[in-house]
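Shown here: input-v8.txt, compact mmCIF, C-alpha atoms.
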# COMPACT_ATOMS: atom_id res chain seq x y z
CA MET A 1 36.02 21.45 8.09
CA GLU A 2 34.47 18.50 9.89
CA LYS A 3 31.35 19.75 11.66
CA ALA A 4 30.34 18.88 15.21
CA ILE A 5 27.28 21.14 15.31
CA GLU A 6 25.12 22.52 12.51
CA VAL A 7 22.39 25.04 13.30
CA THR A 8 19.88 25.86 10.55
CA ASP A 9 17.24 28.62 10.57
CA LEU A 10 16.97 28.66 14.35
CA VAL A 11 14.18 30.90 15.61
CA THR A 12 13.37 31.59 19.25
CA GLN A 13 10.62 33.84 20.44
CA TYR A 14 9.51 34.76 23.93
CA GLY A 15 5.94 35.90 23.19
CA ASP A 16 6.23 38.46 20.39
CA ARG A 17 9.89 39.17 21.15
CA VAL A 18 12.29 37.50 18.70
CA ILE A 19 15.52 36.46 20.48
CA LEU A 20 17.16 34.42 17.70
CA ASN A 21 16.06 35.42 14.24
CA GLY A 22 16.55 32.43 11.93
CA ILE A 23 20.27 31.97 12.53
CA SER A 24 22.42 29.37 10.73
CA PHE A 25 26.05 28.41 11.38
CA SER A 26 28.37 25.44 11.93
CA ILE A 27 30.82 24.60 14.71
CA PRO A 28 33.98 22.66 13.76
CA LYS A 29 34.88 19.37 15.42
CA GLY A 30 37.83 19.21 17.83
CA LYS A 31 38.22 23.00 17.99
CA THR A 32 37.30 25.70 20.48
CA THR A 33 34.48 27.90 19.26
CA VAL A 34 33.55 31.05 21.10
CA ILE A 35 30.03 32.45 20.89
CA LEU A 36 30.56 36.16 21.30
CA GLY A 37 28.30 39.14 21.65
CA GLY A 38 27.13 41.91 23.90
CA SER A 39 24.69 41.52 26.76
CA GLY A 40 21.21 40.57 25.54
CA CYS A 41 22.36 39.49 22.06
CA GLY A 42 20.94 35.98 22.51
CA LYS A 43 24.15 34.04 23.21
CA SER A 44 22.98 32.43 26.46
CA THR A 45 19.66 31.52 24.80
CA LEU A 46 21.62 29.93 21.98
CA LEU A 47 23.75 27.94 24.44
CA ASN A 48 20.61 26.72 26.19
CA HIS A 49 19.37 25.43 22.82
CA LEU A 50 22.66 23.66 22.08
CA ILE A 51 22.57 21.83 25.42
CA GLY A 52 18.89 21.00 25.03
CA LEU A 53 17.53 23.09 27.90
CA LEU A 54 15.31 25.06 25.51
CA LYS A 55 13.27 23.97 22.50
CA PRO A 56 13.37 26.44 19.61
CA THR A 57 10.28 27.95 18.02
CA SER A 58 11.57 26.49 14.74
CA GLY A 59 14.80 25.33 13.14
CA GLU A 60 17.20 22.45 13.35
CA ILE A 61 20.21 21.70 15.57
CA LEU A 62 22.37 18.79 14.39
CA ILE A 63 24.96 17.53 16.85
CA ASN A 64 27.25 14.90 15.33
CA GLY A 65 24.58 14.50 12.63
CA HIS A 66 21.63 13.99 15.02
CA ASP A 67 18.82 16.55 15.21
CA ILE A 68 18.39 17.18 18.94
CA THR A 69 15.23 19.25 18.39
CA ALA A 70 13.46 16.14 17.08
CA MET A 71 14.53 13.82 19.92
CA THR A 72 12.25 12.56 22.66
CA GLU A 73 13.29 13.31 26.24
CA ASP A 74 14.59 9.74 26.74
CA GLU A 75 16.58 9.85 23.49
CA PHE A 76 18.11 13.17 24.42
CA ASN A 77 18.95 12.07 27.98
CA GLU A 78 20.99 9.22 26.49
CA PHE A 79 22.53 11.51 23.85
CA ARG A 80 23.57 14.17 26.36
CA LYS A 81 25.88 11.76 28.19
CA LYS A 82 28.45 12.75 25.58
CA MET A 83 27.98 16.45 26.41
CA GLY A 84 29.49 18.20 29.43
CA VAL A 85 28.45 21.63 30.66
CA LEU A 86 30.12 24.13 32.96
CA PHE A 87 27.35 26.47 34.08
CA GLN A 88 28.07 30.09 34.92
CA GLY A 89 27.73 29.58 38.68
CA SER A 90 29.39 26.12 38.45
CA ALA A 91 26.09 24.55 39.71
CA LEU A 92 27.85 22.30 42.23
CA LEU A 93 25.66 20.66 44.85
CA ASN A 94 26.60 22.36 48.12
CA SER A 95 25.63 19.41 50.32
CA MET A 96 28.16 17.12 48.62
CA THR A 97 31.95 17.04 48.66
CA ILE A 98 33.79 17.91 45.44
CA ALA A 99 34.52 14.21 44.86
CA ASP A 100 30.85 13.31 45.25
CA ASN A 101 29.87 16.09 42.85
CA VAL A 102 32.21 14.59 40.24
CA ALA A 103 31.00 11.07 41.02
CA LEU A 104 27.33 12.00 40.66
CA PRO A 105 27.02 11.58 36.86
CA LEU A 106 29.02 8.34 37.04
CA ARG A 107 26.73 6.92 39.74
CA GLU A 108 23.59 8.09 37.95
CA HIS A 109 24.42 7.20 34.36
CA THR A 110 26.80 4.21 34.37
CA LYS A 111 27.02 0.74 35.84
CA LEU A 112 30.62 1.23 36.97
CA GLU A 113 31.62 -0.21 40.34
CA GLU A 114 32.42 2.19 43.18
CA PRO A 115 36.23 1.56 43.19
CA THR A 116 36.35 2.47 39.47
CA ILE A 117 34.26 5.60 40.10
CA GLN A 118 36.57 6.69 42.92
CA ILE A 119 39.63 6.37 40.66
CA ILE A 120 37.92 8.30 37.83
CA CYS A 121 37.02 11.10 40.30
CA ARG A 122 40.62 11.38 41.45
CA MET A 123 41.83 11.45 37.81
CA LYS A 124 39.37 14.24 36.93
CA LEU A 125 40.22 16.29 40.02
CA ASP A 126 43.93 15.93 39.24
CA LEU A 127 43.24 17.12 35.69
CA VAL A 128 41.92 20.41 37.09
CA SER A 129 44.61 20.63 39.82
CA LEU A 130 42.23 19.91 42.70
CA SER A 131 43.80 16.64 43.87
CA LYS A 132 44.04 17.74 47.47
CA PHE A 133 40.49 19.02 47.70
CA GLU A 134 38.37 15.94 47.05
CA HIS A 135 36.83 16.02 50.57
CA PHE A 136 36.13 19.75 50.53
CA TYR A 137 32.63 21.17 50.12
CA PRO A 138 31.90 23.86 47.48
CA SER A 139 31.51 26.53 50.17
CA GLN A 140 35.14 25.90 51.21
CA LEU A 141 36.49 26.69 47.72
CA SER A 142 37.35 29.95 45.94
CA GLY A 143 35.45 31.03 42.82
CA GLY A 144 38.19 29.74 40.50
CA MET A 145 38.37 26.40 42.30
CA LYS A 146 34.59 26.00 42.04
CA LYS A 147 34.85 26.54 38.28
CA ARG A 148 37.58 23.90 38.06
CA ALA A 149 35.51 21.50 40.14
CA GLY A 150 32.61 22.18 37.76
CA ILE A 151 34.88 21.31 34.83
CA ALA A 152 35.93 18.07 36.56
CA ARG A 153 32.26 17.13 36.89
CA ALA A 154 31.53 18.15 33.29
CA MET A 155 34.42 15.86 32.24
CA ALA A 156 33.26 12.91 34.36
CA LEU A 157 31.65 10.99 31.51
CA ASP A 158 34.43 11.78 29.00
CA PRO A 159 32.29 14.05 26.82
CA GLU A 160 32.87 14.61 23.11
CA LEU A 161 31.49 18.14 23.48
CA LEU A 162 32.10 20.52 26.31
CA PHE A 163 30.08 23.72 26.80
CA PHE A 164 31.15 26.64 28.99
CA ASP A 165 28.80 29.45 29.97
CA GLU A 166 30.80 32.60 30.80
CA PRO A 167 33.68 30.67 32.44
CA SER A 168 35.64 33.81 33.39
CA ALA A 169 32.70 35.69 34.89
CA GLY A 170 33.55 36.98 38.34
CA LEU A 171 37.17 35.78 38.26
CA ASP A 172 40.31 37.89 38.59
CA PRO A 173 42.50 38.10 35.42
CA VAL A 174 45.13 35.63 36.70
CA THR A 175 42.55 32.98 37.68
CA ALA A 176 40.70 33.56 34.40
CA ALA A 177 43.94 33.04 32.45
CA GLY A 178 44.52 29.77 34.34
CA LEU A 179 41.06 28.62 33.35
CA ASP A 180 41.75 29.55 29.71
CA GLU A 181 44.93 27.44 29.80
CA LEU A 182 42.91 24.51 31.13
CA ILE A 183 40.40 24.89 28.26
CA ILE A 184 43.28 24.81 25.76
CA LYS A 185 44.73 21.69 27.45
CA LEU A 186 41.37 19.87 27.26
CA ARG A 187 41.11 20.59 23.55
CA ASP A 188 44.68 19.55 22.78
CA VAL A 189 44.83 16.37 24.84
CA PHE A 190 41.31 15.00 24.54
CA LYS A 191 40.44 16.48 21.11
CA ILE A 192 37.12 17.64 22.54
CA THR A 193 34.86 20.04 20.68
CA ILE A 194 34.57 23.02 23.01
CA VAL A 195 31.94 25.75 22.85
CA VAL A 196 32.43 28.80 25.08
CA VAL A 197 29.95 31.62 25.55
CA THR A 198 31.73 34.75 26.68
CA HIS A 199 32.23 38.43 26.09
CA GLU A 200 35.65 38.57 27.75
CA LEU A 201 37.97 39.64 24.92
CA PRO A 202 41.29 38.48 26.48
CA SER A 203 39.78 34.98 26.82
CA VAL A 204 38.49 35.03 23.26
CA PHE A 205 41.93 35.85 21.87
CA MET A 206 43.57 33.19 24.02
CA ILE A 207 41.26 30.21 23.49
CA ALA A 208 39.25 30.68 20.30
CA ASP A 209 39.96 28.82 17.09
CA TYR A 210 36.62 29.84 15.63
CA VAL A 211 34.15 32.59 16.52
CA ILE A 212 30.40 33.07 16.09
CA MET A 213 29.38 36.63 16.84
CA LEU A 214 25.77 37.51 17.57
CA ASP A 215 24.05 40.87 17.55
CA LEU A 216 20.33 41.40 18.20
CA GLY A 217 19.58 37.75 17.48
CA GLU A 218 21.50 37.62 14.18
CA VAL A 219 24.89 36.09 13.31
CA ILE A 220 27.07 39.00 12.20
CA PHE A 221 30.29 36.97 11.99
CA ALA A 222 31.26 33.31 11.76
CA GLY A 223 34.82 32.28 11.04
CA PRO A 224 38.34 31.71 12.34
CA ILE A 225 39.70 34.05 15.04
CA ASP A 226 42.19 35.65 12.62
CA GLU A 227 39.35 36.66 10.29
CA LEU A 228 37.50 38.18 13.25
CA LYS A 229 40.53 40.30 14.12
CA ALA A 230 40.72 41.52 10.51
CA SER A 231 36.97 42.02 10.07
CA ALA A 232 35.82 45.44 8.87
CA HIS A 233 32.21 44.90 10.01
CA PRO A 234 31.39 48.06 12.02
CA LYS A 235 29.70 46.17 14.88
CA VAL A 236 32.60 43.71 15.11
CA ARG A 237 35.10 46.58 15.17
CA ARG A 238 33.08 48.44 17.81
CA PHE A 239 33.02 45.33 20.00
CA LEU A 240 36.72 44.55 19.59
CA GLU A 241 37.69 48.17 20.19
CA ARG A 242 35.31 48.49 23.16
CA GLN A 243 33.43 51.49 21.75
CA ALA A 244 30.13 52.44 23.35
CA GLU A 245 26.90 52.22 21.32
CA GLN A 246 25.80 55.51 19.74
CA GLU A 247 22.87 57.23 21.40
CA THR A 248 19.72 55.89 19.73
CA TYR A 249 17.37 58.66 20.92
CA SER A 250 17.32 62.22 19.75
CA PRO A 251 16.83 64.73 22.62
CA GLU A 252 13.28 65.31 21.31
CA ASP A 253 12.49 61.58 21.36
CA TYR A 254 13.96 61.29 24.87
CA PHE A 255 11.83 64.19 26.09
CA ARG A 256 8.72 62.65 24.55
CA PHE A 257 9.54 59.29 26.22
CA ILE A 258 10.03 60.64 29.75
CA ALA A 259 7.16 63.08 29.44
CA GLY A 260 4.94 60.13 28.63
CA ASN A 261 3.73 61.20 25.19
CA MET B 262 34.55 -4.54 23.18
CA LYS B 263 35.65 -8.18 22.84
CA ILE B 264 37.81 -9.94 25.42
CA GLU B 265 39.69 -13.08 24.50
CA VAL B 266 41.79 -15.00 26.99
CA VAL B 267 44.83 -16.54 25.33
CA ASP B 268 47.42 -18.82 26.89
CA CYS B 269 50.83 -17.92 25.48
CA LYS B 270 53.53 -20.33 26.62
CA GLY B 271 51.94 -20.55 30.06
CA VAL B 272 51.37 -16.77 30.32
CA LYS B 273 47.79 -15.46 30.45
CA VAL B 274 47.04 -12.79 27.84
CA LEU B 275 43.85 -10.68 27.74
CA ALA B 276 43.49 -9.82 24.06
CA LEU B 277 41.12 -6.83 23.80
CA SER B 278 39.45 -5.35 20.75
CA GLY B 279 37.01 -2.50 20.08
CA ASP B 280 36.14 0.36 22.45
CA ILE B 281 36.82 0.26 26.19
CA ASP B 282 34.26 2.73 27.52
CA MET B 283 31.73 3.32 30.28
CA TYR B 284 29.54 0.55 28.87
CA SER B 285 32.20 -2.13 28.43
CA SER B 286 34.51 -1.36 31.38
CA PRO B 287 32.38 -3.32 33.92
CA ASP B 288 32.93 -6.49 31.79
CA LEU B 289 36.65 -5.79 31.58
CA ARG B 290 36.81 -5.28 35.36
CA LYS B 291 35.03 -8.60 35.95
CA GLU B 292 37.53 -10.46 33.74
CA LEU B 293 40.57 -8.65 35.16
CA MET B 294 39.50 -9.19 38.77
CA HIS B 295 38.91 -12.88 38.08
CA PHE B 296 42.65 -13.25 37.38
CA VAL B 297 43.61 -10.91 40.22
CA HIS B 298 41.67 -13.00 42.73
CA LYS B 299 43.55 -16.07 41.45
CA LYS B 300 46.79 -14.10 41.98
CA VAL B 301 47.86 -14.67 38.38
CA SER B 302 51.21 -13.11 37.47
CA PRO B 303 52.32 -11.92 35.04
CA LEU B 304 49.10 -10.92 33.31
CA LEU B 305 49.49 -9.48 29.82
CA VAL B 306 46.97 -7.18 28.14
CA ASP B 307 47.16 -7.04 24.36
CA PHE B 308 45.89 -3.65 23.13
CA ARG B 309 46.52 -4.15 19.42
CA GLY B 310 42.78 -4.39 18.62
CA VAL B 311 41.70 -1.52 20.88
CA SER B 312 40.36 1.52 19.05
CA TYR B 313 39.42 3.68 22.04
CA ILE B 314 39.82 3.77 25.81
CA ASP B 315 38.15 6.24 28.14
CA SER B 316 38.68 7.15 31.79
CA SER B 317 36.67 4.16 33.00
CA GLY B 318 39.00 1.80 31.12
CA ILE B 319 42.11 3.46 32.51
CA ALA B 320 40.59 3.46 36.02
CA THR B 321 39.84 -0.27 35.69
CA PHE B 322 43.50 -1.02 34.92
CA VAL B 323 44.65 1.25 37.77
CA GLU B 324 42.44 -0.72 40.15
CA GLY B 325 43.72 -4.00 38.70
CA LEU B 326 47.37 -2.98 39.05
CA LYS B 327 46.82 -1.74 42.62
CA SER B 328 45.28 -5.10 43.58
CA MET B 329 48.07 -7.06 41.84
CA MET B 330 50.76 -5.06 43.63
CA GLY B 331 49.31 -6.47 46.86
CA TYR B 332 50.68 -9.91 45.97
CA GLY B 333 53.67 -8.77 43.92
CA GLY B 334 51.89 -9.46 40.62
CA LYS B 335 52.88 -7.93 37.27
CA LEU B 336 50.43 -6.33 34.83
CA LYS B 337 52.01 -5.78 31.43
CA PHE B 338 50.61 -3.90 28.43
CA VAL B 339 51.44 -4.88 24.87
CA GLY B 340 50.92 -3.15 21.49
CA ILE B 341 49.41 0.12 22.68
CA PRO B 342 48.19 2.25 19.73
CA GLU B 343 49.66 5.77 19.51
CA LYS B 344 46.42 7.59 20.43
CA ILE B 345 46.02 5.52 23.59
CA MET B 346 49.70 5.99 24.43
CA GLU B 347 49.16 9.78 24.29
CA ILE B 348 46.40 9.50 26.89
CA LEU B 349 48.52 7.26 29.14
CA CYS B 350 51.43 9.71 28.88
CA PHE B 351 49.18 12.66 29.70
CA ALA B 352 47.88 10.81 32.76
CA LYS B 353 51.52 10.02 33.71
CA LEU B 354 50.59 6.33 33.67
CA ASP B 355 53.12 5.39 30.98
CA ARG B 356 55.68 5.23 33.78
CA VAL B 357 53.41 3.22 36.08
CA PHE B 358 52.36 0.39 33.78
CA GLU B 359 54.95 -1.87 32.19
CA ILE B 360 54.59 -1.33 28.44
CA TYR B 361 56.11 -3.59 25.72
CA GLY B 362 56.06 -3.69 21.95
CA SER B 363 55.27 -7.39 21.66
CA ILE B 364 54.09 -10.38 23.69
CA ASP B 365 57.54 -11.98 23.31
CA ASP B 366 59.22 -8.85 24.76
CA ALA B 367 56.78 -8.79 27.66
CA CYS B 368 57.38 -12.49 28.41
CA ARG B 369 61.17 -12.14 28.19
CA ASN B 370 61.20 -9.28 30.76
Starting from the file, give its structure as structure tokens.
Amino acid sequence: MEKAIEVTDLVTQYGDRVILNGISFSIPKGKTTVILGGSGCGKSTLLNHLIGLLKPTSGEILINGHDITAMTEDEFNEFRKKMGVLFQGSALLNSMTIADNVALPLREHTKLEEPTIQIICRMKLDLVSLSKFEHFYPSQLSGGMKKRAGIARAMALDPELLFFDEPSAGLDPVTAAGLDELIIKLRDVFKITIVVVTHELPSVFMIADYVIMLDLGEVIFAGPIDELKASAHPKVRRFLERQAEQETYSPEDYFRFIAGN
Amino acid sequence: MKIEVVDCKGVKVLALSGDIDMYSSPDLRKELMHFVHKKVSPLLVDFRGVSYIDSSGIATFVEGLKSMMGYGGKLKFVGIPEKIMEILCFAKLDRVFEIYGSIDDACRN
């Protein structure tokens, strides 16, 4: 397996609270990897580390062989041109049209002439089936269209790695399935390494080649999707079968807690 | 990326090699537009040495072709590697650009 990302002994603490507890794993190149886990398991924190928005307490993150935790801000700003991100709320700039949102990274980070930028924008919007909406503002689009516009912008600089934070959140099942198909198309046509943070099981089964599952800041599974489906790990099974957590308090403990003792 | 201008039996050929990306596309555009402004036709682009092309490279050729169509000019591609052909097909541009296997074929048509 050719590796796009290698994480080694990654530790993140907020004060005394350990969010990621020395985790290590690899992400294969040219595949779609889903980072899976329940709410509060540390998956969004992990994504923020992979895209360089957070610095870990300790540990190493190699992307295409380069340790991003050791880079200066200038080095990382150059490096991140090959990384695209679709944020959970799409993070489009509301004062700009969709075309200008897509053009923004091209205007900021390249020396391309405006006619070239305009053509690239139209190509990217066509890729996400938004050809007729280039002059629309984000407020004039549906939730699913905003996500697709966010993908077009994330694709503007032809990234080698594409990160998605909860792409299906807030979308109806049909729109979410359309977005999943687009993710598959991007992987197949452009051979991009895709990393998706989600807890939506239908999406996971549709798009994932490889899965990293987190629980309480630890990796409890890392492997191909078929191995995840066959896993006997109790926490994996509980997640896949949508079983609620067992009550952690005894009635006596609960009484002591609410009584304030 | 390297750009070499070759004269092949009176036909101008842009022989490209290396990566056509966001960094090198502005140079390609400058060279391409130089011939467009002179209303050169046909103009051949030899892709045999090209290892990679990104959206900026494709957009540059789209702009070039659009400008050439204004004076009835022909932009012809030669020796496109398979990986690049896949991208052109996906973008539906394989039916827009004239694509040939060799410079001789391109000149004959």
Which is closest to chain B among A:Ile63, A:Leu92, A:Met123, A:Ile35, if we use all atoms listed in the file?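 Smallest separation from chain B among the options: A:Met123.
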Segment 60-171 of chain A near segment 186-201 of chain A within 6 Å: what's each residue's closest atom pair and its distance in Å to one decimal, counting all atoms listed in the file, ordered by chain then ascending residue number, as a Markdown table?
| residue | atom | partner | partner_atom | distance |
| --- | --- | --- | --- | --- |
| A:Glu160 | CA | A:Ile192 | CA | 5.3 |
| A:Leu161 | CA | A:Thr193 | CA | 4.8 |
| A:Leu162 | CA | A:Ile194 | CA | 4.8 |
| A:Phe163 | CA | A:Val195 | CA | 4.8 |
| A:Phe164 | CA | A:Val196 | CA | 4.6 |
| A:Asp165 | CA | A:Val197 | CA | 5.1 |
| A:Glu166 | CA | A:Thr198 | CA | 4.7 |
Show me which bits of chain A are within 10 Å of chain B, counting all atoms listed in the file, as a list in words.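 That gives the following set of residues: Leu106, His109, Thr110, Lys111, Leu112, Glu113, Pro115, Thr116, Ile117, Gln118, Ile119, Ile120, Cys121, Arg122, Met123, Lys124, Asp126, Leu127, Met155, Ala156, Leu157, Asp158, Pro159, Val189 and Phe190 of chain A.
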All residues 9 Å or closer to Val301 of chain B, all atoms listed in the file, same chain fewer than 6 positions away omitted, as a ChimeraX atom specification: /B:273,329,334-335
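For the atom pair formed by atom CA of Glu6 of chain A and atom CA of Thr32 of chain A, the distance is 14.9 Å, given to one decimal.
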Centre, edges in Å (one decimal): axis-aligned box, segment 174-178 of chain A, 4 Å padding on all six sides, as JSON:
{"center_x": 42.9, "center_y": 32.7, "center_z": 35.1, "size_x": 12.4, "size_y": 13.9, "size_z": 13.2}
From the list A:Met96, A:Leu214, A:Ala232, A:Met206, which residue is nearest Leu179 of chain A when using all atoms listed in the file?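 Looking only at the distances to Leu179 of chain A, the closest residue turns out to be A:Met206.
Of the listed residues B:Gly362, B:Gly279, B:Pro342, B:Leu336, the one whose atoms come nearest to Leu293 of chain B is B:Leu336, with distances taken using only C-alpha atoms.
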Distance criterion (all atoms listed in the file): nearest to Arg369 of chain B out of B:Leu289, B:Val306, B:Val272, B:Val311: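 Closest to Arg369 of chain B of all the choices is B:Val272.
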Write out as a PyMOL selection string the residues lying within 12 Å of Asp67 of chain A, counting only C-alpha atoms and excluding same-chain residues fewer than 3 positions away. chain A and resi 4-8+49-50+52+55+59-64+70-72+75-76+79
As an exercise, work out the distance from atom CA of Ile341 of chain B to atom CA of Phe308 of chain B in Å and give it to one decimal place. 5.2 Å
What's the 9 Å shell around Asp9 of chain A, counting only C-alpha atoms, without same-chain residues fewer than 3 positions away, as number ranges by chain? A: 21-25, 58-60
Choose the residue, out of A:His66, A:Ser131, A:Gly223, A:Leu228, that has the smallest atom-to-atom separation from Phe205 of chain A; count only C-alpha atoms. A:Leu228
Skipping near chain neighbours, those fewer than 6 positions away, what residues fall within 12 Å of Val174 of chain A using all atoms listed in the file, listed as a list in words? Gly144, Ser168, Asp180, Glu181, Pro202 and Ser203 of chain A
Kindly indicate which residue among B:Cys368, B:Leu305, B:Leu326, B:Met294 lies nearest to Phe338 of chain B, using only C-alpha atoms for the distances.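 Nearest candidate to Phe338 of chain B out of B:Cys368, B:Leu305, B:Leu326, B:Met294: B:Leu305.
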Between atom CA of Ile281 of chain B and atom CA of Thr97 of chain A - distance in Å to one decimal: 28.5 Å
